[in-house]
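A short write-up of the structure that comes next.
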Amino acid sequence: MSVRVQPLQRGAWTRASAPSTIGMIGIGLGLVTLFLALPPVKVRTAPLPVAIGILAVAAGIWAFTRGEHRLGGGAVVSGVAGIGIALIVLQANAARLEGVFVWSALIAATLRYATPLTFAAIGGMFSERSGVVNIGLEGMMLMGAYFGAYGADVTGSWVGGLFIGLISGALLALVHAIFTITLRADQIVTGTAINFLALGVTGYLYNQHYGNNGTPENLPAVPDVNLKFLSHIPPQGLGNFLYNSIGQLNLMVWLSLLLLPVSYVALFKTPIGLRIRSVGEHPKAADTVGIPVYRTRYAAVTLSGALAALGGVFLSIGFVNSFTENMTAGRGFIALAALIFGGWRPFGAFAAALLFGFSSALAARLPDLSASDTAAWPLLFQTLPYVLTLIAVAGVIGRSIPPAAIGRPYVKQ
Amino acid sequence: MSGLSGEPPDMTGQTPEVSEPTPESKVPSVAARLALWQRSGGVITPILTALIAFLIGGLVVFATTGKNPLNTYKAIFKGTGLSWLSPVSIHWHLFYPAGIHWTGWDTTSPTALNLQQTLIVVTPLILTGLAVAFAFRCGLFNIGGNGQYTVGALVAVQFGVWFAGLPGPLHVIVAMVAATLAGAVWGGIAGFLKAATGAHEVITTIMLNWIALWVGSYLVGFNGPLQDPRAISAPVTRPIADSAHLHVFWGNPLLQGLHIGFFIAIAMLFVYWILLNRTTLGYEVRAVGFNAEAARYGGISVGRNFFLAMAISGAFAGLAGSIDILGWEFNLDLTVVQTVQVGFIGIAVALLGRNSAIGIFFSALLFGALLTGTSTRNLDPSVFQPELAGNLTRIIQGLVVLFVGADLLIIYLWQARKKLRLPQRKAAEQP
Amino acid sequence: MADERPVLELRGITKQFPGVLANDNVDFDLRRGEVHALLGENGAGKSTLMNILYGLYQPDEGQILVKGEPVRFHSPKDAINRGIGMVHQHFMLIPVMTVAENIVLANEPTRAGLLLDTNAADRRVRELSRSFNFAIDPEARVEEITVGQQQRVEILKALYRHADILILDEPTAVLTPQESNELFEILRTLTREGMSVIFITHKLNEVLEIADRITVVRRGKRIDTVDRQGATEEGLARMMVGREVLLRVEKPVSDPGDPVLTVDDLHVFDDRGLEAVRGVSIEVRGGEIVGIAGVDGNGQTELIDAITGLRKAASGRVAIGGRNVTGATPSRILDSGLGHIPEDRQRRGLVLEFSLAENVALHDYDKAPGSRWGWLFPRQLIRRARELLTQFDVRGGGPQTRASALSGGNQQKVVLAREIGREPSVLIAAQPTRGLDVGAIEFVHRRLVEARANGKGVLLVSLELDEIISLSDRTLVLYEGEIVAQHGPDVTEDQLGIEMTGAGSKEAAA
């Protein structure tokens, strides 16, 4: 580990700065394309958005060929996406467009879709910051979803559901911890096993308890937080907008937002956080100053399971109010992508979760653009969050450095 | 996210961080013993792994339903038709056989039919197992078998519908090759992304699974471009032409007899072995899987091999999709697209089979039997609910994957103790 | 001077690893205020002994006494609580964290009982650093400071924990001779203040300079403990190795031929995008060994990577035997007559899970007779390997043995066999003897000299100055990515040491 510092030459900076500026402008232009086509602006002719989109792509290519791969790539993607969405939107009639792009509703939906991702991503952050890859987030989430519903049903209260769900996720995470930390099994293989197990266990129990009838319809749900006062904020338009976007969110949405600063402080501003990070960066260094590497990792992994399970609890008793088999539908993996995309930081992960949440919200609403109820193509919008995740992890837009010791079991002699 | 080695982590390689000179005289004997343990461990530990998984699965059955897990397993086994292979039927009285009856190989008995079903299910599992194993040997974890299978099935069904005039064998080959290529492309995307940007294949293949699922749902589903216009009320494609059907060599073709796809899968096991051990491509793939940095230093293009390994993996899975379509499904149903599991089971197949051709065959047999034995058709609901049994299969599958990693630890401890001839107190005591 | 009563005693320490007896009934004692050197070859068991003392390993047998009191250390924490601090050979520092964070880790000052008090940490570190005259910025990130400073951070870590016994494991391995002298100064200050120091090394000259007493270990056994007074390099060397050591490599006068490797104004960036090689030009002729001296991390890795095609050069030209290979793929460069003994044989040089035959074929698996049209012939690989393994005296296994089963020295022989066996016109040897015992070192040196005698050009990159000096016909000094000096065969270690810090005049000789 030998490092030598060398001041970056000023010339190099100015050389690098030009393509990066152009790249950022390109991304901006792509967003403008999008903005123009959508309400409230709603340009109804193709040439203008397409022209700006092409400009964005051109700027992206220019930046890309000059070494700004990330920003350039981002500009190309945003330009193409802008043109694509603009063209799709132009096919729809104006009234339907208004119906789909109700921004306040979209914001609310985005937050709702982002919530499970946020919980799981923050959970994953603790595990991965301590050096343990957690591919099993999906399974822990699914456990939370089932046991949240089951617990709510059995105890007759959403609080009971929440706690039982949380504990189920923590227990499954504990299995992950035992195998990856103590038994030093491959973390990714174990995580995959965790996902299978969760799928099997929840499917098994669900079929045994609820069978073909599904979970009961009167399942106690986590309540919404009604902020009526928002609607009184003048002017009336703003008040309504605020109320419709954030005035009727579920309690767990707010909980996930609260989790962000809390986890940030815990990880970066407390001795415990410092120790977790040290274990994930250089476990031997941590060991030599007396930090119990195994115990720290156990705690972090278990916590990650509990948090991921909260995401699942929200899905089943905060969002759709029922449980269905495999209802997490890859969200654990998307959360993982959000975590990587966000640089293993809470607010970064949240920003990525918002992005993916927005794409899910869109995917849910875009089918309404279609004039017929029977057209098959709106199904294709379902791929949107997955395609977006694919693009994101492909690192076109950003690339972040993982904790140094991630994925490697620590061998204590 | 690194730390994914070509094979499940090899604990035997982990000696403490000292490069003390090994007494020269001792080296051959220790090395020889190591190799011996590895060989014997190679057979014993997977069997142990499977046994433990079934044991825990049995506990789940008992704890949740109060039923005797042995009866459940017996009922499942009955549905697999594997007993057909033994031409005698034994009646047990407590622990000794009370009567042995010669049953012979009656090819029309229900048991024979069940065995045909089992082998039909084993066929794609061998291939999806290979799809995971080949990528594994290159240090990649392909959990995209489902998507690659789906894409293969979609292409196979469409090619089976088209070219109805072609002579049989040619039509089959065309459809299979097209499906294999489609699977290769789907897997290759993940390989390419890994090579070009370092995107982790676990996430990209999962995303590609979901994309394949929804694209497939769109194509096959109501009003989708591939939906059968004559069956407007069912989300299903047109049936493939008769010329595209695989030949059934055992059993009644009208009752889902065993088709020659089974032999194609067996042949692929050989192809897999030869590809890995007798070609320069296999050499490169293994070198990259074991130590990418050394491979690069040796002049091997790591990125190219990432791409090729994923493409070849995808090809195996795509082929699996086509064999199911051409062999017995003959059309593609929306529910099939949305509930495909063979890609995931392939992971357990490959891991339990330790990425070896023979191992993959036997573990595919195990999981194929489990799937058939727990299917609604073959499991007596009065003994055990098939819906539960299906999930029991998943649990067992998860447990197998879970314990495959841990069995290496058992070998490691065993070796350490044997090698030293001293009780390895500290290593054993300390977690 | 030193107080006679030992502050620390190790009695009969025995430690067994799978297949290796790392420590065999070793006794060791440390007096207050002394520097006690633990001298031995690589793999003699020094680090194991100290890891036991620091609670990282548990001894199988034996006893540890601190200030006369028997203790059992289950973890480093126990050792720290008894006032023992250790500076590991590979620093136990977290590069992405600040100096202060690294120092206070696990003993953090807090605010409100819960929050990390960064200000207090910075302040304490600054005070501590000032009281020992270390110029260390507590807020700098460890990856941004020099190796010498990182070592001081390690020492501060021990001092922060109130250590009065300090273990230094091969502390000079990464330092220039001048930085080493500064370290010795620091150690003298510390011992004056009552600190006791265990100094682990395999370098004889250092031992005689800094140690009060010297304990020599060989193959896990303690050979003897002697006072510095009266000890000689020759005597210590004999104890350390167990026989007379050839301190100089015998080689005939060089007779350079045509240039086999030409590097022209090469610029290379490192992983972080900083310019690590800045306009290096080198010419290696057939039949000569050109050494590159320098402190680790001055662009050696990037230079070699760029020559061998493993890393893209930003600009400049590389030619092998007159053929331009700039920007070519590694396999093309290897085929145009380059052999490369890589820096790290386990990470790069070998595929440990491969058989020796497969390892020997690493560059040529795709050529006849090993393969044809993509078809591999394992028997041909084995035949070829058998030849080379005999030729290079590889012991401990045949062509079908896994590389991981061999000892370090034999593994390096396999790498040598592959690289020299391909009859390259130029051979790049990057730290070819790192981590080897004396026998293997001699073997490697002999082979390099032999390659030179056969008319090959050798580019030797090493951190060991005595290796550079004893082998090289010409020596270049690499500092901050530039060649700052060039010498003939008769250069001194001191001269190189000064130039390695950038203090020498640029382009001294042409």
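Chain identifiers are assigned as A, B, and so on, following the order in which chains appear in the structure tokens; residues are numbered from 1 within each chain, and ligands are numbered from 1 in order of appearance.
Near Ile200 (chain C), within a cut-off of 9 Å and counting only C-alpha atoms, sit the residues C:His36, C:Ala37, C:Leu38, C:Leu39, C:Gly40, C:Lys46, C:Ser47, C:Met50, C:Ile167, C:Leu168, C:Asp169, C:Glu170, C:Pro171, C:Val207, with same-chain residues fewer than 6 positions away left out.
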Restrict the selected residues to C-alpha atoms and save them as a PDB file, in the first residue's frame.
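Contents of part01.pdb, as written:
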```pdb
ATOM      1  CA  HIS C  36      16.066  -5.880  20.361  1.00  0.00           C
ATOM      2  CA  ALA C  37      16.350  -7.079  16.768  1.00  0.00           C
ATOM      3  CA  LEU C  38      14.753 -10.295  15.624  1.00  0.00           C
ATOM      4  CA  LEU C  39      16.815 -11.358  12.654  1.00  0.00           C
ATOM      5  CA  GLY C  40      15.975 -14.073  10.178  1.00  0.00           C
ATOM      6  CA  LYS C  46       9.705 -13.994  12.834  1.00  0.00           C
ATOM      7  CA  SER C  47       6.319 -12.636  11.875  1.00  0.00           C
ATOM      8  CA  MET C  50       5.307 -11.468  16.741  1.00  0.00           C
ATOM      9  CA  ILE C 167       6.997  -4.192  17.601  1.00  0.00           C
ATOM     10  CA  LEU C 168       8.167  -3.122  14.167  1.00  0.00           C
ATOM     11  CA  ASP C 169       7.841  -5.760  11.458  1.00  0.00           C
ATOM     12  CA  GLU C 170      10.283  -5.188   8.578  1.00  0.00           C
ATOM     13  CA  PRO C 171       9.801  -1.442   8.941  1.00  0.00           C
ATOM     14  CA  VAL C 207      20.640  -4.674  12.804  1.00  0.00           C
TER      15      VAL C 207
END
```
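For Ala22 (chain C), the list of residues within 6 Å, based on only C-alpha atoms and with local chain neighbours fewer than 2 positions off taken out, reads C:Lys15, C:Gln16, C:Val20, C:Gly45, C:Gly220.
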Take the residues from that selection and put them in a file with C-alpha atoms, as a tab-separated table (two decimals), in the first residue's frame.
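See result-v7.tsv below for the written result:
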```
chain	number	residue	atom	x	y	z
C	15	LYS	CA	3.31	-22.80	16.69
C	16	GLN	CA	2.30	-25.30	14.07
C	20	VAL	CA	4.79	-26.16	8.70
C	45	GLY	CA	9.12	-17.57	11.66
C	220	GLY	CA	11.36	-21.54	13.29
```
With a cut-off of 6 Å, could you pull out the residues of chain C touching chain B and give me the nearest pair of atoms for each, distance in Å to one decimal, using only C-alpha atoms, ordered by chain and ascending number, as CSV?
```
residue,atom,partner,partner_atom,distance
C:Pro18,CA,B:Leu420,CA,5.9
C:Val20,CA,B:Thr22,CA,5.9
C:Gly43,CA,B:Glu20,CA,4.2
C:Pro330,CA,B:Gly299,CA,4.9
C:Ser331,CA,B:Gly299,CA,4.1
C:Arg348,CA,B:Ala294,CA,3.9
C:Gly349,CA,B:Ala294,CA,5.8
C:Val351,CA,B:Asn291,CA,5.7
C:Leu362,CA,B:Gly298,CA,5.4
C:His363,CA,B:Gly298,CA,5.2
C:Gly374,CA,B:Thr280,CA,5.1
C:Trp375,CA,B:Thr279,CA,4.4
C:Leu376,CA,B:Thr279,CA,4.6
C:Gly396,CA,B:Val27,CA,5.8
```
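Of the listed residues B:Gln116, B:Thr339, B:Thr128, B:Thr393, the one whose atoms come nearest to Phe196 (chain A) is B:Thr393, with distances taken using only C-alpha atoms.
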Who sits within 6 Å of region 344-352 of chain B, only C-alpha atoms, same chain under 6 positions skipped, as number ranges by chain: B: 46, 125, 128-129, 132-133, 360, 363-364, 401
Fewer than 2 positions away in the same chain doesn't count, so skip those; otherwise give me all residues within 9 Å of Ala184 (chain B), counting only C-alpha atoms, as a list in words. Gln148, Gly152, Ala179, Thr180, Leu181, Ala182, Trp186, Gly187, Gly188, Ile189, Leu308, Met310, Ala311, Ile312, Ser313, Gly314, Ala315, Phe316, Ala317 and Gly318 of chain B
Polymer residues at most 12 Å from Lys312 (chain C), only C-alpha atoms, same-chain spacing of 5 or more positions, as a compact mmCIF listing (two decimals) with C-alpha atoms, in the first residue's frame:
```txt
# COMPACT_ATOMS: atom_id res chain seq x y z
CA LEU C 266 6.75 6.88 -22.27
CA HIS C 267 3.89 8.51 -20.34
CA VAL C 268 1.50 6.34 -18.35
CA PHE C 269 -1.42 7.11 -16.05
CA ASP C 270 -2.23 5.06 -12.97
CA ASP C 271 -5.63 3.72 -11.92
CA GLY C 273 -5.83 8.94 -13.47
CA VAL C 277 5.27 7.50 -15.58
CA GLU C 302 2.82 1.29 -14.38
CA LEU C 303 6.05 1.30 -16.38
CA ILE C 304 6.20 -2.49 -16.57
CA ASP C 305 2.48 -2.75 -17.29
CA ALA C 306 2.83 -0.32 -20.17
CA ILE C 307 5.83 -2.13 -21.66
CA ARG C 317 6.87 4.28 -27.96
CA VAL C 318 7.93 0.75 -27.02
CA VAL C 325 4.82 -2.84 -30.19
CA THR C 326 3.28 0.31 -28.74
CA GLY C 327 -0.34 -0.31 -27.89
CA ALA C 328 -0.20 -3.96 -28.94
CA THR C 329 -2.03 -6.64 -26.99
CA PRO C 330 -0.16 -8.49 -24.25
```
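The environment of Val438 (chain C) within 10 Å, counting only C-alpha atoms and disregarding residues fewer than 5 places along the same chain, consists of Glu41, Asn42, Met240, Val241, Val245, Leu246, Gly409, Thr433, Phe443 and Val444 of chain C.
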Residue contacts of region 42-51 of chain A (6 Å, only C-alpha atoms) excluding same-chain residues fewer than 5 positions away, as a ChimeraX atom specification: /A:33,36-37,83
Could you build a table of the residues in chain A lying no more than 8 Å from chain B, giving for each the nearest pair of atoms and their separation in Å rounded to one decimal place, using only C-alpha atoms, ordered by chain and ascending residue number, as JSON lines?
```
{"residue": "A:Val133", "atom": "CA", "partner": "B:Met1", "partner_atom": "CA", "distance": 6.7}
{"residue": "A:Phe179", "atom": "CA", "partner": "B:Ala406", "partner_atom": "CA", "distance": 6.9}
{"residue": "A:Thr182", "atom": "CA", "partner": "B:Pro431", "partner_atom": "CA", "distance": 5.5}
{"residue": "A:Leu183", "atom": "CA", "partner": "B:Ala406", "partner_atom": "CA", "distance": 6.1}
{"residue": "A:Arg184", "atom": "CA", "partner": "B:Ala406", "partner_atom": "CA", "distance": 7.6}
{"residue": "A:Ala185", "atom": "CA", "partner": "B:Gly405", "partner_atom": "CA", "distance": 4.7}
{"residue": "A:Asp186", "atom": "CA", "partner": "B:Pro9", "partner_atom": "CA", "distance": 6.1}
{"residue": "A:Gln187", "atom": "CA", "partner": "B:Gly3", "partner_atom": "CA", "distance": 7.8}
{"residue": "A:Ile188", "atom": "CA", "partner": "B:Leu4", "partner_atom": "CA", "distance": 7.1}
{"residue": "A:Val189", "atom": "CA", "partner": "B:Val401", "partner_atom": "CA", "distance": 7.0}
{"residue": "A:Thr190", "atom": "CA", "partner": "B:Leu402", "partner_atom": "CA", "distance": 5.4}
{"residue": "A:Thr192", "atom": "CA", "partner": "B:Val401", "partner_atom": "CA", "distance": 7.7}
{"residue": "A:Ala193", "atom": "CA", "partner": "B:Gly398", "partner_atom": "CA", "distance": 4.5}
{"residue": "A:Ile194", "atom": "CA", "partner": "B:Gly398", "partner_atom": "CA", "distance": 6.6}
{"residue": "A:Asn195", "atom": "CA", "partner": "B:Gly398", "partner_atom": "CA", "distance": 7.5}
{"residue": "A:Phe196", "atom": "CA", "partner": "B:Gly398", "partner_atom": "CA", "distance": 4.7}
{"residue": "A:Leu197", "atom": "CA", "partner": "B:Gly398", "partner_atom": "CA", "distance": 4.7}
{"residue": "A:Ala198", "atom": "CA", "partner": "B:Ile395", "partner_atom": "CA", "distance": 7.8}
{"residue": "A:Leu199", "atom": "CA", "partner": "B:Arg394", "partner_atom": "CA", "distance": 7.1}
{"residue": "A:Gly200", "atom": "CA", "partner": "B:Ile395", "partner_atom": "CA", "distance": 4.6}
{"residue": "A:Val201", "atom": "CA", "partner": "B:Ile395", "partner_atom": "CA", "distance": 6.3}
{"residue": "A:Gly203", "atom": "CA", "partner": "B:Asn391", "partner_atom": "CA", "distance": 5.8}
{"residue": "A:Tyr204", "atom": "CA", "partner": "B:Asn391", "partner_atom": "CA", "distance": 5.1}
{"residue": "A:Leu205", "atom": "CA", "partner": "B:Leu388", "partner_atom": "CA", "distance": 8.0}
{"residue": "A:Asn207", "atom": "CA", "partner": "B:Leu388", "partner_atom": "CA", "distance": 6.3}
{"residue": "A:Gln208", "atom": "CA", "partner": "B:Leu388", "partner_atom": "CA", "distance": 6.8}
{"residue": "A:Gly330", "atom": "CA", "partner": "B:Ile206", "partner_atom": "CA", "distance": 7.4}
{"residue": "A:Phe333", "atom": "CA", "partner": "B:Ile203", "partner_atom": "CA", "distance": 6.3}
{"residue": "A:Ile334", "atom": "CA", "partner": "B:Ile203", "partner_atom": "CA", "distance": 7.9}
{"residue": "A:Ala337", "atom": "CA", "partner": "B:Ile203", "partner_atom": "CA", "distance": 7.2}
{"residue": "A:Thr374", "atom": "CA", "partner": "B:Asn223", "partner_atom": "CA", "distance": 6.9}
{"residue": "A:Ala375", "atom": "CA", "partner": "B:Asn223", "partner_atom": "CA", "distance": 6.4}
{"residue": "A:Ala376", "atom": "CA", "partner": "B:Gly224", "partner_atom": "CA", "distance": 5.3}
{"residue": "A:Trp377", "atom": "CA", "partner": "B:Tyr218", "partner_atom": "CA", "distance": 6.4}
{"residue": "A:Leu379", "atom": "CA", "partner": "B:Tyr218", "partner_atom": "CA", "distance": 5.7}
{"residue": "A:Leu380", "atom": "CA", "partner": "B:Val215", "partner_atom": "CA", "distance": 6.1}
{"residue": "A:Gln382", "atom": "CA", "partner": "B:Trp214", "partner_atom": "CA", "distance": 6.4}
{"residue": "A:Thr383", "atom": "CA", "partner": "B:Ile211", "partner_atom": "CA", "distance": 5.2}
{"residue": "A:Tyr386", "atom": "CA", "partner": "B:Met207", "partner_atom": "CA", "distance": 5.2}
{"residue": "A:Val387", "atom": "CA", "partner": "B:Met207", "partner_atom": "CA", "distance": 7.1}
{"residue": "A:Thr389", "atom": "CA", "partner": "B:Met207", "partner_atom": "CA", "distance": 7.3}
{"residue": "A:Leu390", "atom": "CA", "partner": "B:Thr204", "partner_atom": "CA", "distance": 5.7}
{"residue": "A:Val393", "atom": "CA", "partner": "B:Ala199", "partner_atom": "CA", "distance": 5.4}
{"residue": "A:Ala394", "atom": "CA", "partner": "B:Ala199", "partner_atom": "CA", "distance": 4.7}
{"residue": "A:Gly395", "atom": "CA", "partner": "B:Thr197", "partner_atom": "CA", "distance": 6.2}
{"residue": "A:Val396", "atom": "CA", "partner": "B:Thr197", "partner_atom": "CA", "distance": 7.8}
{"residue": "A:Pro402", "atom": "CA", "partner": "B:Met1", "partner_atom": "CA", "distance": 7.2}
{"residue": "A:Ile406", "atom": "CA", "partner": "B:Met1", "partner_atom": "CA", "distance": 6.3}
{"residue": "A:Gly407", "atom": "CA", "partner": "B:Gly3", "partner_atom": "CA", "distance": 4.8}
{"residue": "A:Arg408", "atom": "CA", "partner": "B:Gly3", "partner_atom": "CA", "distance": 5.5}
{"residue": "A:Gln413", "atom": "CA", "partner": "B:Ala427", "partner_atom": "CA", "distance": 7.1}
```
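The closest residue to chain A, picked from C:Leu105, C:Ala211, C:Val216, C:Val394 and counting only C-alpha atoms, is C:Leu105.
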Using only C-alpha atoms: which of A:Leu366, A:Ala86, A:Ala404, A:Leu34 has the shortest distance to chain C: A:Ala404
Using 8 Å as the limit and counting only C-alpha atoms, can you tabulate each residue of chain C that touches chain A, with its shortest atom-to-atom distance in Å and the two atoms involved, as CSV?
```
residue,atom,partner,partner_atom,distance
C:Leu56,CA,A:Gln413,CA,6.6
C:Tyr57,CA,A:Gln413,CA,5.7
C:Gln58,CA,A:Gln413,CA,8.0
C:Ser75,CA,A:Gly290,CA,6.9
C:Pro76,CA,A:Thr288,CA,5.3
C:Lys77,CA,A:Gly290,CA,4.3
C:Ile80,CA,A:Val289,CA,7.6
C:His90,CA,A:Met1,CA,7.2
C:Phe91,CA,A:Met1,CA,7.4
C:Met92,CA,A:Ala285,CA,4.3
C:Leu93,CA,A:Ala285,CA,6.0
C:Ile94,CA,A:His282,CA,6.1
C:Glu101,CA,A:Leu274,CA,7.9
C:Leu105,CA,A:Arg275,CA,7.0
C:Ala106,CA,A:Ile291,CA,6.2
C:Glu108,CA,A:Pro271,CA,6.2
C:Thr110,CA,A:Pro271,CA,7.6
C:Leu114,CA,A:Thr270,CA,6.3
C:Leu115,CA,A:Thr270,CA,4.5
C:Leu116,CA,A:Thr270,CA,4.5
C:Glu143,CA,A:Val3,CA,5.9
C:Glu144,CA,A:Val5,CA,5.8
C:Ile145,CA,A:Arg4,CA,6.9
C:Thr146,CA,A:Arg4,CA,5.8
C:Val147,CA,A:Ser2,CA,5.7
C:Leu274,CA,A:Leu8,CA,6.9
C:Glu275,CA,A:Gln6,CA,7.9
C:Asp296,CA,A:Ser2,CA,6.6
C:Gly297,CA,A:Ser2,CA,5.6
C:Asn298,CA,A:Arg4,CA,7.4
```
Pull C-alpha atoms from the residues just selected and write them as a PDB file, in the first residue's frame.
```
ATOM      1  CA  LEU C  56      -3.282 -12.461  16.426  1.00  0.00           C
ATOM      2  CA  TYR C  57      -2.263 -16.123  16.657  1.00  0.00           C
ATOM      3  CA  GLN C  58      -2.513 -18.430  19.628  1.00  0.00           C
ATOM      4  CA  SER C  75      -6.898 -10.980  20.645  1.00  0.00           C
ATOM      5  CA  PRO C  76      -4.857  -7.891  19.824  1.00  0.00           C
ATOM      6  CA  LYS C  77      -7.037  -6.039  22.284  1.00  0.00           C
ATOM      7  CA  ILE C  80      -2.897  -3.512  23.501  1.00  0.00           C
ATOM      8  CA  HIS C  90       1.767  -4.229   5.528  1.00  0.00           C
ATOM      9  CA  PHE C  91       0.322  -1.236   7.285  1.00  0.00           C
ATOM     10  CA  MET C  92      -2.934  -1.742   9.103  1.00  0.00           C
ATOM     11  CA  LEU C  93      -4.330   1.538   7.892  1.00  0.00           C
ATOM     12  CA  ILE C  94      -7.544   2.268   6.076  1.00  0.00           C
ATOM     13  CA  GLU C 101      -9.820   8.336  12.244  1.00  0.00           C
ATOM     14  CA  LEU C 105     -10.325   3.779  15.755  1.00  0.00           C
ATOM     15  CA  ALA C 106     -11.781   1.625  18.554  1.00  0.00           C
ATOM     16  CA  GLU C 108     -12.811   7.181  19.766  1.00  0.00           C
ATOM     17  CA  THR C 110     -17.210  11.021  21.745  1.00  0.00           C
ATOM     18  CA  LEU C 114     -22.850   8.810  21.093  1.00  0.00           C
ATOM     19  CA  LEU C 115     -21.423  10.991  18.398  1.00  0.00           C
ATOM     20  CA  LEU C 116     -17.899  10.841  17.101  1.00  0.00           C
ATOM     21  CA  GLU C 143      -4.024   7.383   0.902  1.00  0.00           C
ATOM     22  CA  GLU C 144      -2.806  10.914   0.334  1.00  0.00           C
ATOM     23  CA  ILE C 145       0.296  10.833   2.516  1.00  0.00           C
ATOM     24  CA  THR C 146       3.681   9.262   1.848  1.00  0.00           C
ATOM     25  CA  VAL C 147       4.670   5.812   2.946  1.00  0.00           C
ATOM     26  CA  LEU C 274      -2.598  10.495 -12.205  1.00  0.00           C
ATOM     27  CA  GLU C 275       0.466  10.522 -14.379  1.00  0.00           C
ATOM     28  CA  ASP C 296       7.875   1.396  -4.203  1.00  0.00           C
ATOM     29  CA  GLY C 297       5.125   3.334  -5.911  1.00  0.00           C
ATOM     30  CA  ASN C 298       7.267   5.617  -8.038  1.00  0.00           C
TER      31      ASN C 298
END
```
Give the alpha helix (DSSP H) residues of region 111-296 of chain A, as DSSP finds them on the backbone, and put them as a PyMOL selection string. chain A and resi 111-129+137-155+158-177+187-209+236-246+251-268+271-281+283-288+293-296
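The smallest atom-to-atom distance between Glu234 (chain C) and any of C:Ile469, C:Leu478, C:Leu204, C:Val260, using only C-alpha atoms, is found for C:Leu204.
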CA of Thr118 (chain B) and CA of Ala369 (chain B), how far apart in Å? 5.4 Å
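Between CA of Pro110 (chain B) and CA of Ser83 (chain B) there is a distance of 11.0 Å.
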Which of region 207-357 of chain B fall in strand (DSSP E), as a ChimeraX atom specification: /B:248-250,258-259
If you keep N, CA and C atoms, can you produce a file of those selected residues as a short mmCIF file (atom, residue, chain, number, x, y, z; two decimals), in the first residue's frame?
```cif
data_model
loop_
_atom_site.label_atom_id
_atom_site.label_comp_id
_atom_site.auth_asym_id
_atom_site.auth_seq_id
_atom_site.Cartn_x
_atom_site.Cartn_y
_atom_site.Cartn_z
N VAL B 248 -40.52 -38.80 -30.49
CA VAL B 248 -40.71 -39.48 -29.20
C VAL B 248 -40.23 -40.91 -29.34
N PHE B 249 -39.29 -41.30 -28.52
CA PHE B 249 -38.73 -42.65 -28.68
C PHE B 249 -39.19 -43.61 -27.61
N TRP B 250 -39.83 -43.07 -26.57
CA TRP B 250 -40.30 -43.98 -25.53
C TRP B 250 -41.65 -43.48 -25.05
N LEU B 258 -41.28 -39.73 -23.88
CA LEU B 258 -39.94 -39.15 -23.78
C LEU B 258 -39.38 -38.92 -25.18
N HIS B 259 -38.96 -37.69 -25.43
CA HIS B 259 -38.50 -37.31 -26.77
C HIS B 259 -36.97 -37.32 -26.82
#
```
